[in-house]
file my_file.csv (CSV, C-alpha atoms)
chain,number,residue,atom,x,y,z
A,1,GLN,CA,0.5,-30.6,-38.8
A,2,ASP,CA,-2.3,-28.2,-38.0
A,3,ALA,CA,-5.0,-29.9,-35.9
A,4,VAL,CA,-7.4,-26.9,-36.5
A,5,ALA,CA,-7.1,-27.2,-40.3
A,6,LEU,CA,-7.6,-30.9,-40.1
A,7,LEU,CA,-10.7,-30.5,-38.1
A,8,ALA,CA,-12.1,-28.0,-40.6
A,9,ALA,CA,-11.4,-30.5,-43.5
A,10,VAL,CA,-13.2,-33.3,-41.6
A,11,ARG,CA,-16.2,-31.1,-41.0
A,12,GLU,CA,-16.3,-30.1,-44.6
A,13,ALA,CA,-16.3,-33.8,-45.7
A,14,ARG,CA,-19.0,-34.6,-43.2
A,15,ALA,CA,-21.2,-31.8,-44.5
A,16,ALA,CA,-20.9,-33.1,-48.1
A,17,LEU,CA,-22.4,-36.6,-47.1
A,18,THR,CA,-26.1,-37.2,-47.5
A,19,ASP,CA,-28.2,-39.0,-44.9
A,20,ALA,CA,-28.4,-42.1,-47.2
A,21,GLN,CA,-24.6,-42.2,-47.4
A,22,LEU,CA,-24.2,-41.8,-43.7
A,23,ASP,CA,-26.8,-44.6,-43.1
A,24,ALA,CA,-25.5,-47.0,-45.8
A,25,VAL,CA,-24.5,-50.6,-44.5
A,26,PRO,CA,-20.8,-51.5,-44.8
A,27,PRO,CA,-19.9,-54.3,-47.2
A,28,GLY,CA,-20.5,-57.8,-45.8
A,29,ALA,CA,-23.1,-56.7,-43.3
A,30,ARG,CA,-26.7,-58.1,-43.5
A,31,PRO,CA,-29.0,-55.4,-44.7
A,32,ALA,CA,-32.2,-54.7,-42.8
A,33,GLY,CA,-35.0,-57.0,-43.9
A,34,ALA,CA,-32.8,-59.4,-46.0
A,35,ALA,CA,-33.2,-63.1,-45.6
A,36,SER,CA,-30.5,-65.0,-43.8
A,37,GLY,CA,-29.7,-66.9,-46.9
A,38,SER,CA,-29.0,-63.7,-48.8
A,39,GLU,CA,-25.9,-62.7,-46.9
A,40,ASN,CA,-22.8,-62.0,-48.9
A,41,ARG,CA,-20.2,-64.1,-47.0
A,42,THR,CA,-16.8,-65.5,-47.6
A,43,SER,CA,-17.1,-69.3,-48.4
A,44,VAL,CA,-14.4,-71.9,-47.7
A,45,ILE,CA,-14.1,-74.4,-50.5
A,46,PRO,CA,-12.0,-77.5,-50.2
A,47,ARG,CA,-9.3,-78.0,-52.8
A,48,SER,CA,-6.5,-80.3,-53.4
A,49,ALA,CA,-3.1,-79.4,-52.2
A,50,PRO,CA,-1.2,-77.4,-54.7
A,51,PRO,CA,2.1,-78.4,-55.9
A,52,GLY,CA,4.7,-78.0,-53.1
A,53,ALA,CA,2.1,-78.1,-50.3
A,54,ASP,CA,2.9,-79.9,-47.1
A,55,ALA,CA,2.3,-83.6,-46.8
A,56,ALA,CA,-0.8,-83.2,-44.7
A,57,GLY,CA,-2.6,-81.7,-47.7
A,58,VAL,CA,-4.1,-78.8,-45.7
A,59,SER,CA,-7.1,-77.1,-47.1
A,60,ARG,CA,-6.6,-73.3,-47.5
A,61,THR,CA,-9.2,-70.5,-47.3
A,62,SER,CA,-10.2,-68.9,-50.6
A,63,ARG,CA,-12.4,-66.0,-51.2
A,64,LEU,CA,-15.4,-66.6,-53.4
A,65,ASP,CA,-16.8,-63.6,-55.2
A,66,LEU,CA,-20.6,-63.6,-55.2
A,67,PRO,CA,-22.9,-61.3,-57.1
A,68,PRO,CA,-24.5,-58.4,-55.1
A,69,VAL,CA,-27.6,-59.4,-53.1
A,70,PRO,CA,-30.7,-57.9,-54.7
A,71,PRO,CA,-32.8,-55.5,-52.6
A,72,ALA,CA,-35.1,-57.2,-50.1
A,73,ALA,CA,-38.8,-57.1,-50.5
A,74,GLY,CA,-40.5,-54.1,-48.9
A,75,GLY,CA,-38.0,-51.4,-50.0
A,76,GLY,CA,-35.1,-52.3,-47.7
A,77,ARG,CA,-31.8,-50.6,-48.2
A,78,THR,CA,-29.1,-52.2,-50.5
A,79,ALA,CA,-26.7,-54.5,-48.9
A,80,GLY,CA,-23.7,-53.0,-50.6
A,81,ARG,CA,-22.9,-49.5,-51.6
A,82,PRO,CA,-20.7,-47.9,-54.3
A,83,PRO,CA,-17.0,-48.1,-53.6
A,84,GLY,CA,-16.8,-44.3,-53.5
A,85,ARG,CA,-19.0,-44.1,-50.5
A,86,HIS,CA,-17.0,-46.7,-48.8
A,87,ARG,CA,-13.8,-44.7,-49.4
A,88,THR,CA,-15.6,-41.6,-48.0
A,89,LEU,CA,-16.5,-43.3,-44.8
A,90,VAL,CA,-13.0,-44.6,-44.4
A,91,ALA,CA,-11.6,-41.1,-45.0
A,92,VAL,CA,-13.9,-39.6,-42.3
A,93,VAL,CA,-12.9,-42.3,-39.7
A,94,ALA,CA,-9.3,-41.8,-40.6
A,95,ALA,CA,-9.6,-38.0,-40.2
A,96,LEU,CA,-11.2,-38.4,-36.8
A,97,VAL,CA,-8.5,-40.7,-35.7
A,98,ALA,CA,-5.9,-38.3,-37.0
A,99,ILE,CA,-7.5,-35.4,-35.1
A,100,LEU,CA,-7.4,-37.4,-31.8
A,101,ILE,CA,-3.8,-38.4,-32.4
A,102,GLY,CA,-2.8,-34.9,-33.5
A,103,THR,CA,-4.5,-33.3,-30.5
A,104,GLY,CA,-2.8,-35.7,-28.1
A,105,VAL,CA,0.6,-35.0,-29.7
A,106,TRP,CA,0.0,-31.2,-29.6
A,107,TYR,CA,-1.0,-31.4,-25.9
A,108,ILE,CA,2.0,-33.5,-24.9
A,109,ASN,CA,4.4,-31.3,-26.8
A,110,SER,CA,2.9,-27.8,-26.5
A,111,GLY,CA,-0.6,-27.7,-25.1
A,112,GLN,CA,0.3,-28.1,-21.4
A,113,PHE,CA,3.1,-25.4,-21.6
A,114,THR,CA,3.0,-21.6,-21.5
A,115,ARG,CA,5.7,-19.4,-23.0
A,116,VAL,CA,7.1,-16.8,-20.6
A,117,PRO,CA,6.6,-13.3,-22.2
A,118,SER,CA,9.5,-10.8,-22.5
A,119,LEU,CA,9.2,-8.4,-19.5
A,120,LEU,CA,12.7,-6.8,-19.2
A,121,GLY,CA,12.5,-3.1,-18.7
A,122,GLN,CA,8.8,-3.1,-17.7
A,123,THR,CA,7.5,-1.7,-14.5
A,124,GLU,CA,6.5,-4.2,-11.8
A,125,GLN,CA,2.8,-3.4,-12.3
A,126,VAL,CA,2.9,-3.9,-16.1
A,127,ALA,CA,5.0,-7.1,-15.8
A,128,LYS,CA,2.5,-8.6,-13.3
A,129,LYS,CA,-0.4,-7.8,-15.5
A,130,ARG,CA,1.2,-9.4,-18.6
A,131,LEU,CA,1.9,-12.5,-16.6
A,132,SER,CA,-1.6,-12.6,-15.3
A,133,ASP,CA,-3.0,-12.2,-18.9
A,134,ALA,CA,-0.8,-15.2,-19.9
A,135,GLY,CA,-2.2,-17.3,-17.1
A,136,LEU,CA,1.0,-17.2,-15.0
A,137,ASP,CA,1.7,-16.3,-11.4
A,138,ALA,CA,4.3,-13.7,-10.4
A,139,ARG,CA,6.8,-13.7,-7.5
A,140,VAL,CA,8.9,-10.5,-6.8
A,141,THR,CA,12.5,-10.1,-5.6
A,142,HIS,CA,14.8,-7.1,-5.8
A,143,GLY,CA,18.4,-6.5,-6.9
A,144,TYR,CA,20.8,-3.8,-7.8
A,145,SER,CA,21.5,-2.9,-11.4
A,146,ASP,CA,23.4,-0.2,-13.3
A,147,ALA,CA,21.6,-1.0,-16.5
A,148,PHE,CA,18.0,-0.9,-15.4
A,149,ASP,CA,16.3,2.0,-13.8
A,150,ARG,CA,14.9,1.7,-10.3
A,151,GLY,CA,11.5,-0.1,-10.3
A,152,LYS,CA,12.0,-1.8,-13.7
A,153,VAL,CA,12.3,-5.6,-14.3
A,154,MET,CA,16.0,-6.5,-14.6
A,155,ARG,CA,15.6,-10.3,-14.8
A,156,THR,CA,13.0,-13.1,-14.9
A,157,TYR,CA,13.2,-16.7,-14.0
A,158,PRO,CA,12.6,-18.7,-16.2
A,159,ALA,CA,14.0,-16.5,-18.9
A,160,PRO,CA,11.8,-14.9,-21.6
A,161,GLU,CA,10.4,-17.3,-24.3
A,162,THR,CA,11.0,-20.3,-22.0
A,163,LYS,CA,8.1,-22.8,-22.0
A,164,ILE,CA,6.9,-23.7,-18.5
A,165,ARG,CA,4.2,-26.1,-17.4
A,166,GLY,CA,0.9,-24.9,-16.0
A,167,ASP,CA,0.5,-21.5,-14.4
A,168,GLY,CA,4.1,-20.7,-13.4
A,169,PRO,CA,5.3,-19.1,-11.2
A,170,VAL,CA,7.6,-16.6,-12.8
A,171,THR,CA,10.1,-14.8,-10.6
A,172,LEU,CA,10.5,-11.0,-11.4
A,173,THR,CA,13.7,-9.3,-10.1
A,174,ILE,CA,13.0,-5.6,-9.8
A,175,SER,CA,15.9,-3.2,-10.0
A,176,ARG,CA,16.8,-1.0,-7.0
A,177,GLY,CA,19.0,1.0,-9.2
A,178,PRO,CA,22.8,1.3,-8.8
A,179,ARG,CA,24.3,-0.3,-5.7
A,180,ILE,CA,25.7,3.1,-4.5
A,181,VAL,CA,24.0,6.5,-5.1
A,182,SER,CA,24.9,10.1,-4.4
A,183,VAL,CA,22.9,12.4,-2.1
A,184,PRO,CA,21.4,15.0,-4.4
A,185,ASP,CA,21.7,18.7,-3.5
A,186,VAL,CA,18.2,19.8,-2.4
A,187,SER,CA,19.2,23.0,-0.7
A,188,GLY,CA,16.6,25.8,-1.3
A,189,MET,CA,13.9,23.4,-2.5
A,190,PRO,CA,10.5,23.3,-0.9
A,191,GLN,CA,10.3,20.3,1.5
A,192,ALA,CA,7.9,18.3,-0.8
A,193,ASP,CA,10.2,18.8,-3.8
A,194,ALA,CA,13.3,17.7,-1.8
A,195,LYS,CA,11.6,14.5,-0.8
A,196,ALA,CA,10.7,13.7,-4.4
A,197,ALA,CA,14.3,14.4,-5.5
A,198,LEU,CA,15.6,12.0,-2.8
A,199,ALA,CA,13.1,9.3,-3.9
A,200,LYS,CA,14.2,9.7,-7.5
A,201,ALA,CA,17.8,9.1,-6.5
A,202,GLY,CA,16.8,5.9,-4.6
A,203,LEU,CA,16.9,7.4,-1.1
A,204,SER,CA,14.2,8.4,1.3
A,205,ALA,CA,13.6,11.5,3.5
A,206,GLY,CA,14.3,10.9,7.2
A,207,VAL,CA,13.8,13.0,10.3
A,208,VAL,CA,13.0,16.7,9.6
A,209,HIS,CA,14.6,19.3,11.8
A,210,GLN,CA,13.5,22.9,11.7
A,211,ALA,CA,15.8,25.8,12.2
A,212,PHE,CA,15.8,29.6,11.8
A,213,SER,CA,17.3,31.1,8.7
A,214,ASP,CA,17.6,34.6,7.4
A,215,SER,CA,18.6,33.4,3.9
A,216,VAL,CA,16.3,30.4,3.2
A,217,ASP,CA,12.5,30.9,2.8
A,218,ARG,CA,10.2,29.3,5.4
A,219,GLY,CA,9.4,25.7,4.5
A,220,SER,CA,12.5,25.3,2.2
A,221,VAL,CA,15.5,23.0,2.8
A,222,ILE,CA,18.6,24.5,4.4
A,223,GLY,CA,20.6,21.3,4.1
A,224,THR,CA,20.8,17.6,4.5
A,225,ASP,CA,22.5,15.0,6.7
A,226,PRO,CA,24.5,13.4,5.1
A,227,ALA,CA,25.4,16.4,3.0
A,228,ALA,CA,25.0,16.6,-0.8
A,229,GLY,CA,27.4,14.4,-2.7
A,230,ALA,CA,27.7,11.8,0.0
A,231,ARG,CA,27.7,8.2,-1.3
A,232,LEU,CA,25.1,5.9,0.2
A,233,ARG,CA,23.4,2.6,-0.4
A,234,PRO,CA,19.9,2.9,-2.0
A,235,ASP,CA,16.9,3.2,0.4
A,236,ARG,CA,18.9,4.9,3.1
A,237,ALA,CA,17.2,7.8,4.9
A,238,VAL,CA,18.5,11.4,4.6
A,239,ALA,CA,17.7,13.9,7.4
A,240,LEU,CA,16.4,17.3,6.2
A,241,LYS,CA,17.0,20.7,7.9
A,242,VAL,CA,14.0,22.9,7.0
A,243,SER,CA,13.9,26.7,7.5
A,244,ARG,CA,11.4,28.3,9.9
A,245,GLY,CA,12.2,31.7,8.4
A,246,SER,CA,13.8,34.6,10.4
A,247,ALA,CA,13.7,34.4,14.2
A,248,VAL,CA,11.4,36.8,16.0
A,249,ASP,CA,11.9,37.8,19.7
A,250,VAL,CA,8.7,37.3,21.7
A,251,PRO,CA,7.6,40.6,23.5
A,252,ASP,CA,6.2,40.6,27.1
A,253,VAL,CA,2.4,41.3,27.0
A,254,THR,CA,1.4,40.2,30.5
A,255,GLY,CA,-0.8,42.6,32.3
A,256,GLU,CA,-2.1,44.1,29.0
A,257,ASP,CA,-5.7,43.7,27.9
A,258,VAL,CA,-6.5,41.4,25.0
A,259,HIS,CA,-6.6,44.1,22.3
A,260,GLU,CA,-3.3,45.7,23.4
A,261,ALA,CA,-1.5,42.3,23.6
A,262,THR,CA,-2.8,41.2,20.2
A,263,ALA,CA,-1.6,44.4,18.6
A,264,ASP,CA,1.8,44.3,20.1
A,265,LEU,CA,2.3,40.7,18.9
A,266,ALA,CA,1.2,41.6,15.4
A,267,ASP,CA,3.7,44.4,15.3
A,268,ALA,CA,6.4,41.8,16.1
A,269,GLY,CA,5.1,39.6,13.2
A,270,LEU,CA,3.4,37.1,15.5
A,271,ARG,CA,-0.2,36.0,16.0
A,272,ALA,CA,-2.2,35.7,19.3
A,273,LYS,CA,-4.3,32.8,20.4
A,274,ILE,CA,-6.5,33.1,23.5
A,275,ALA,CA,-6.6,30.1,25.8
A,276,THR,CA,-10.1,28.9,26.6
A,277,ARG,CA,-9.6,28.7,30.4
A,278,ARG,CA,-8.9,31.7,32.6
A,279,VAL,CA,-6.8,31.6,35.7
A,280,GLU,CA,-6.7,33.5,39.0
A,281,SER,CA,-3.8,35.9,39.3
A,282,ASP,CA,-2.8,39.2,40.7
A,283,GLN,CA,-3.5,40.7,37.3
A,284,ASP,CA,-6.8,42.5,36.8
A,285,ALA,CA,-9.7,40.4,35.4
A,286,GLY,CA,-9.5,40.2,31.6
A,287,ALA,CA,-5.8,41.1,31.5
A,288,VAL,CA,-3.1,38.7,30.2
A,289,ALA,CA,-2.1,36.6,33.2
A,290,ARG,CA,0.6,34.6,31.4
A,291,GLN,CA,1.9,33.9,27.9
A,292,SER,CA,3.5,31.0,26.0
A,293,PRO,CA,6.3,31.3,25.0
A,294,ALA,CA,7.3,33.8,27.7
A,295,GLU,CA,9.2,37.0,27.1
A,296,GLY,CA,12.7,36.3,25.6
A,297,GLY,CA,11.7,33.3,23.6
A,298,GLN,CA,12.1,33.1,19.8
A,299,LEU,CA,9.5,32.2,17.2
A,300,ALA,CA,9.4,32.3,13.4
A,301,GLU,CA,7.5,35.1,11.7
A,302,GLY,CA,3.8,34.1,11.6
A,303,ASP,CA,4.0,31.8,14.6
A,304,THR,CA,1.5,31.9,17.4
A,305,VAL,CA,1.7,33.0,21.1
A,306,THR,CA,-0.9,31.6,23.4
A,307,LEU,CA,-2.3,34.1,25.9
A,308,THR,CA,-4.0,33.1,29.1
A,309,LEU,CA,-6.3,35.7,30.6
A,310,SER,CA,-6.8,36.5,34.3
A,311,LYS,CA,-10.1,36.1,36.1
A,312,GLY,CA,-8.8,38.3,38.9
A,313,PRO,CA,-6.9,37.5,42.1
A,314,LYS,CA,-7.8,34.5,44.2
A,315,MET,CA,-9.9,35.5,47.2
A,316,VAL,CA,-8.7,33.9,50.4
A,317,ALA,CA,-10.4,34.1,53.9
A,318,VAL,CA,-8.3,36.2,56.3
A,319,PRO,CA,-7.7,34.5,59.7
A,320,ASP,CA,-8.5,36.4,62.9
A,321,VAL,CA,-5.2,37.1,64.6
A,322,THR,CA,-6.3,39.7,67.3
A,323,GLY,CA,-5.2,38.7,70.7
A,324,ARG,CA,-2.1,36.9,69.4
A,325,SER,CA,1.4,38.0,69.7
A,326,ALA,CA,2.9,39.8,66.7
A,327,ASP,CA,5.0,36.8,65.7
A,328,ASP,CA,2.1,34.3,65.9
A,329,ALA,CA,-0.2,36.6,63.9
A,330,THR,CA,2.4,37.2,61.2
A,331,LYS,CA,3.0,33.5,60.8
A,332,ALA,CA,-0.8,32.7,60.6
A,333,LEU,CA,-1.4,35.4,57.9
A,334,GLU,CA,1.7,34.3,55.8
A,335,ASP,CA,0.5,30.7,55.9
A,336,ALA,CA,-2.8,31.9,54.5
A,337,GLY,CA,-1.0,33.5,51.5
A,338,PHE,CA,-0.8,37.1,52.6
A,339,ASP,CA,2.0,39.5,53.0
A,340,VAL,CA,2.1,41.1,56.6
A,341,LYS,CA,3.0,44.5,57.8
A,342,VAL,CA,3.2,45.1,61.6
A,343,LYS,CA,2.3,48.5,62.9
A,344,HIS,CA,3.4,49.3,66.5
A,345,SER,CA,1.2,51.6,68.6
A,346,PHE,CA,2.7,54.5,70.6
A,347,PRO,CA,3.1,54.6,73.4
A,348,PHE,CA,3.9,50.9,73.2
A,349,ILE,CA,2.5,48.5,75.9
A,350,ASP,CA,3.2,45.0,74.5
A,351,ASP,CA,3.2,43.1,71.1
A,352,THR,CA,-0.3,41.7,71.5
A,353,ILE,CA,-2.3,42.4,68.3
A,354,THR,CA,-5.3,44.5,68.9
A,355,ASP,CA,-6.3,45.4,65.3
A,356,GLN,CA,-5.9,44.0,61.6
A,357,SER,CA,-6.6,45.9,58.3
A,358,VAL,CA,-9.0,43.2,57.1
A,359,ALA,CA,-11.2,41.7,59.7
A,360,GLY,CA,-11.0,38.0,60.4
A,361,GLY,CA,-13.4,35.9,58.3
A,362,ASP,CA,-13.5,38.4,55.5
A,363,LYS,CA,-11.8,37.6,52.1
A,364,ALA,CA,-8.9,39.4,50.5
A,365,PRO,CA,-6.9,38.8,47.3
A,366,GLU,CA,-4.2,36.1,47.8
A,367,GLY,CA,-0.8,37.8,48.1
A,368,SER,CA,-2.3,41.1,49.2
A,369,THR,CA,-0.8,42.9,52.3
A,370,ILE,CA,-2.6,42.7,55.7
A,371,THR,CA,-1.6,45.3,58.3
A,372,ILE,CA,-1.7,44.3,62.0
A,373,THR,CA,-1.4,46.7,65.0
A,374,THR,CA,0.1,46.0,68.4
A,375,ASN,CA,-1.3,47.0,71.8
A,376,GLY,CA,-0.7,50.5,73.0
A,377,LEU,CA,-2.4,53.4,74.8
call {"tool": "encode", "arguments": {"input": "my_file.csv", "output": "structure tokens"}}
result
Amino acid sequence: QDAVALLAAVREARAALTDAQLDAVPPGARPAGAASGSENRTSVIPRSAPPGADAAGVSRTSRLDLPPVPPAAGGGRTAGRPPGRHRTLVAVVAALVAILIGTGVWYINSGQFTRVPSLLGQTEQVAKKRLSDAGLDARVTHGYSDAFDRGKVMRTYPAPETKIRGDGPVTLTISRGPRIVSVPDVSGMPQADAKAALAKAGLSAGVVHQAFSDSVDRGSVIGTDPAAGARLRPDRAVALKVSRGSAVDVPDVTGEDVHEATADLADAGLRAKIATRRVESDQDAGAVARQSPAEGGQLAEGDTVTLTLSKGPKMVAVPDVTGRSADDATKALEDAGFDVKVKHSFPFIDDTITDQSVAGGDKAPEGSTITITTNGL
């Protein structure tokens, strides 16, 4: 019944035989060096039909026992060998035949099959490794189960202990957990902890909204959407509302130098960031030309306000308007980006412009005021 034990017995018998026993000539064979007349053969001798034989008097074959053939000259091996050796050889041959037959029967019944291991309750990773170690392939599907935790094997096909041919495959059904789950209460948890709690419940964290809160620490969860206790299917996304901390009103620091602006923002609980590029403005060079967010905006404590510094006003060439009427001169200067003030001479003669505060061709800050004077005595 055990091919391995049988093979061991055959090998043990083989090891007990001498070279002379293994090389001995079977009965009836002609030994090496023996004369042709010395063969031990079965002879056929005629005899009369025995009583009750058929009418034809058929001659029958009878075995004639002859004495053993003596050893041939020159030391040749004996033609016969002791009956014990004959039986040993027969036993060896029979054992080999039995091994072959036993191996074939084993392979047909068991050798070409693999038994599916028991994997219920194992994680997907462990189950795949055990199948691989057994020489089987794995396929994965998912299903809902109240009995098996999420991520554990809830069913296999074929079932455990089933014999399957070759290398499989075996289908693993991985539990998604219960078909309906409740949204856990994650209020007050840090955002990372809240995501982990949702995942443990079979849900995922969705869109994150930030809002100001005087009661919830910055970075912690204010609430969820859907709210805690809502019943959902597994793997649904739950939106999180995360606290930015208390709201801080942004002060106006335009026109201030960098040091003053930074100090005022720090007093409000904010930080200053200086933009790399400066802009032309009516503010003095080096002063804050603009800020983002602007005055009146709200930030959380510790947030940053970006400050853009001025490189001074933009210098624009002043057009020459002398000799023009007051209306034409005013329009030309306004189109160039200046404010205009008209000064009438006394006694007044006409509205022809005879003088301007910045000579034509010179440059003045954009938006600055140019005074023009009309004709008079």
call {"tool": "closest_residue", "arguments": {"input": "my_file.csv", "among": "A:Ala228, A:Val153, A:Val170, A:Ala247", "to": "A:Leu120", "atoms": "all atoms listed in the file"}}
result
A:Val153
call {"tool": "closest_residue", "arguments": {"input": "my_file.csv", "among": "A:Ser118, A:Ser243, A:Ser281, A:Thr374", "to": "A:Ile349", "atoms": "only C-alpha atoms"}}
result
A:Thr374
call {"tool": "atom_distance", "arguments": {"input": "my_file.csv", "atom1": "atom CA of A:His142", "atom2": "atom CA of A:Arg176"}}
result
6.5 Å
call {"tool": "residues_around", "arguments": {"input": "my_file.csv", "residues": "A:Arg324", "least_positions_apart": "5", "cutoff": "9 Å", "atoms": "all atoms listed in the file", "output": "PDB file with C-alpha atoms, keeping the file's coordinate frame"}}
result
ATOM      1  CA  ALA A 329      -0.200  36.600  63.900  1.00  0.00           C
ATOM      2  CA  ASP A 351       3.200  43.100  71.100  1.00  0.00           C
ATOM      3  CA  THR A 352      -0.300  41.700  71.500  1.00  0.00           C
ATOM      4  CA  ILE A 353      -2.300  42.400  68.300  1.00  0.00           C
ATOM      5  CA  THR A 354      -5.300  44.500  68.900  1.00  0.00           C
TER       6      THR A 354
END
call {"tool": "residues_around", "arguments": {"input": "my_file.csv", "residues": "A:Thr123", "least_positions_apart": "4", "cutoff": "10 Å", "atoms": "all atoms listed in the file", "output": "ChimeraX atom specification"}}
result
/A:119,127-128,149-154,174-175
call {"tool": "write_last_selection", "arguments": {"input": "my_file.csv", "atoms": "C-alpha atoms", "output": "PDB file, keeping the file's coordinate frame"}}
result
ATOM      1  CA  LEU A 119       9.200  -8.400 -19.500  1.00  0.00           C
ATOM      2  CA  ALA A 127       5.000  -7.100 -15.800  1.00  0.00           C
ATOM      3  CA  LYS A 128       2.500  -8.600 -13.300  1.00  0.00           C
ATOM      4  CA  ASP A 149      16.300   2.000 -13.800  1.00  0.00           C
ATOM      5  CA  ARG A 150      14.900   1.700 -10.300  1.00  0.00           C
ATOM      6  CA  GLY A 151      11.500  -0.100 -10.300  1.00  0.00           C
ATOM      7  CA  LYS A 152      12.000  -1.800 -13.700  1.00  0.00           C
ATOM      8  CA  VAL A 153      12.300  -5.600 -14.300  1.00  0.00           C
ATOM      9  CA  MET A 154      16.000  -6.500 -14.600  1.00  0.00           C
ATOM     10  CA  ILE A 174      13.000  -5.600  -9.800  1.00  0.00           C
ATOM     11  CA  SER A 175      15.900  -3.200 -10.000  1.00  0.00           C
TER      12      SER A 175
END
call {"tool": "atom_distance", "arguments": {"input": "my_file.csv", "atom1": "atom CA of A:Ala317", "atom2": "atom CA of A:Ala364"}}
result
6.5 Å
call {"tool": "atom_distance", "arguments": {"input": "my_file.csv", "atom1": "atom CA of A:Gly297", "atom2": "atom CA of A:Asp252"}}
result
9.8 Å
call {"tool": "closest_residue", "arguments": {"input": "my_file.csv", "among": "A:Ala263, A:Ala20, A:Ala9, A:Ala134", "to": "A:Lys163", "atoms": "all atoms listed in the file"}}
result
A:Ala134
call {"tool": "closest_residue", "arguments": {"input": "my_file.csv", "among": "A:Arg87, A:Gly202, A:Ser187, A:Glu124", "to": "A:Tyr144", "atoms": "all atoms listed in the file"}}
result
A:Gly202
